[in-house]
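J.: Let me begin by handing over the structure; questions about it come next.
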Amino acid sequence: MNIGELSRLTGLPVKTIRYYSDVGLVPEAERSRAGYRRYDHGSIVRLEFVRTLRELGFDLATIRQVLDRGADLRGVAAAHADALGAQIRVLRLRRAALRAVAVRDATPADLERLTKIARASADERQRIVGEFFDSIFAGIADSDESRRFTEGMRSVSADLPDEPTDEQVDAWIELAEMLRQEDFRDKLRQMGRRSFEPGARRVVPTDMSQINWFVERVGEAQDGGAPDPAAVVDEVMGRWAEAAGRADGPELRDEVIEALEGAIEPRAERYWQLMATINGWPPIPATTHRWAWFLSALKATRGR
């Protein structure tokens, strides 16, 4: 067949086929007496193979090696798949940065910063989180309890997998941006200093069994539209007072109000939710709205 017939059968332009012939990828089977290129069935097979490899991103030099059996197709394909995987990961990170910019009033500098955040290495991610902790733990009273707390917080890293999902990349960008917010840092510094200052008394339980009970009990009342929130407050405060070895009354309730006003911070909860997404942990349900509901109900019992 002539080059025009080959073009019709394969759907490739004559110019492309002629180029592949000239560089030796799809040589003609013979020349006619008039010097025109002639191709056969083998030319079709070879041309289709070249097209497939080109669509997969192989360069012409590599294709020539494969066709001339100077390179093993299996090995070449595996190496190319790895390279494409790395490229896909970079593109996914860039897309996440662009999505973050698209939902805010951002500048070119913001785009550059978000792109760097998205493409941060594991060491760079840990450095960002570590610097955040250095900032919020500064000035906290040194004690065995505070050291255990800070060491536990620092032990959790943002471990994006080698091939993160879009959700994980989005979570990392949101986390890194949140850690830059100075008002968030200030709030956590205040919370830490109140918790670990000498002589500090815990009026809100930190034991998980107590916290789980509280969230469940308040959730039932909040979702069920409790007709008497004061009764729920009395029940909760009675249990907390007993655990603290104190009597429930105005003094304790004022202390709990003050503690909750300083401790309720939606971004602190969001931090752990983002960490869970990044690290592939089970989702962490939101509970901040439970504490806020209880605080409002508690204030109402104090006539506030």
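Residues are named by chain letter and number: chains run A, B, ... in the order of the structure tokens, numbers start at 1 in each chain, and ligands are numbered from 1 in the order shown.
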I need the helix (DSSP H, G or I) residues of range 162-261 of chain A per DSSP on the backbone, written as a ChimeraX atom specification.

T.: /A:166-179,182-196,208-223,229-244,250-261

J.: Report as a tab-separated table: every residue of range 116-167 of chain A with an atom at most 12 Å from range 281-297 of chain A, its closest pair of atoms, and their distance in Å to one decimal, counting only C-alpha atoms, with rows sorted by chain and ascending residue number.

T.:
residue	atom	partner	partner_atom	distance
A:Val156	CA	A:Trp281	CA	11.9
A:Ala158	CA	A:Trp281	CA	11.4
A:Asp159	CA	A:Trp281	CA	10.9
A:Leu160	CA	A:Trp281	CA	11.6

J.: Show which residues sit within 8 Å of range 243-256 of chain A, as a CSV table (one decimal) with C-alpha atoms, in the first residue's frame. Count only C-alpha atoms, and ignore same-chain residues fewer than 5 positions away.

T.:
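Once written, out-v8.csv looks like this:
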chain,number,residue,atom,x,y,z
A,202,ARG,CA,-8.4,20.9,86.8
A,203,VAL,CA,-12.1,21.6,87.0
A,204,VAL,CA,-12.9,20.0,83.6
A,237,MET,CA,-21.7,19.2,87.3
A,238,GLY,CA,-22.6,16.7,90.0
A,298,LEU,CA,-24.2,26.4,82.4
A,302,ARG,CA,-25.6,31.3,86.8

J.: If we count only C-alpha atoms, what is near Asp142 in chain A at a cut-off of 12 Å, once residues fewer than 6 positions away on the same chain are taken out, given as a PyMOL selection string?

T.: chain A and resi 148-150+192-193+195-198

J.: Figure out the distance between CA of Glu174 in chain A and CA of Ala100 in chain A, please, to one decimal in Å.

T.: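 Computing it gives 8.2 Å between the two atoms.
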
J.: Step one, run DSSP on the backbone; step two, keep only residues of range 13-154 of chain A assigned to strand (DSSP E); then write them as a VMD selection string.

T.: chain A and resid 30 to 31 37 to 38

J.: Include N, CA and C atoms and write out the residues we just selected as a PDB file, in the first residue's frame.

T.:
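Output below, filename part.pdb:
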ATOM      1  N   GLU A  30       9.197  -1.303   0.841  1.00  0.00           N
ATOM      2  CA  GLU A  30       9.939  -1.193  -0.422  1.00  0.00           C
ATOM      3  C   GLU A  30       9.625   0.158  -1.052  1.00  0.00           C
ATOM      4  N   ARG A  31      10.281   0.408  -2.152  1.00  0.00           N
ATOM      5  CA  ARG A  31      10.008   1.606  -2.953  1.00  0.00           C
ATOM      6  C   ARG A  31       9.477   1.170  -4.312  1.00  0.00           C
ATOM      7  N   ARG A  37       7.082   5.439  -1.538  1.00  0.00           N
ATOM      8  CA  ARG A  37       7.136   4.497  -0.421  1.00  0.00           C
ATOM      9  C   ARG A  37       5.989   3.500  -0.520  1.00  0.00           C
ATOM     10  N   ARG A  38       6.285   2.243  -0.199  1.00  0.00           N
ATOM     11  CA  ARG A  38       5.268   1.189  -0.171  1.00  0.00           C
ATOM     12  C   ARG A  38       5.349   0.491   1.191  1.00  0.00           C
TER      13      ARG A  38
END
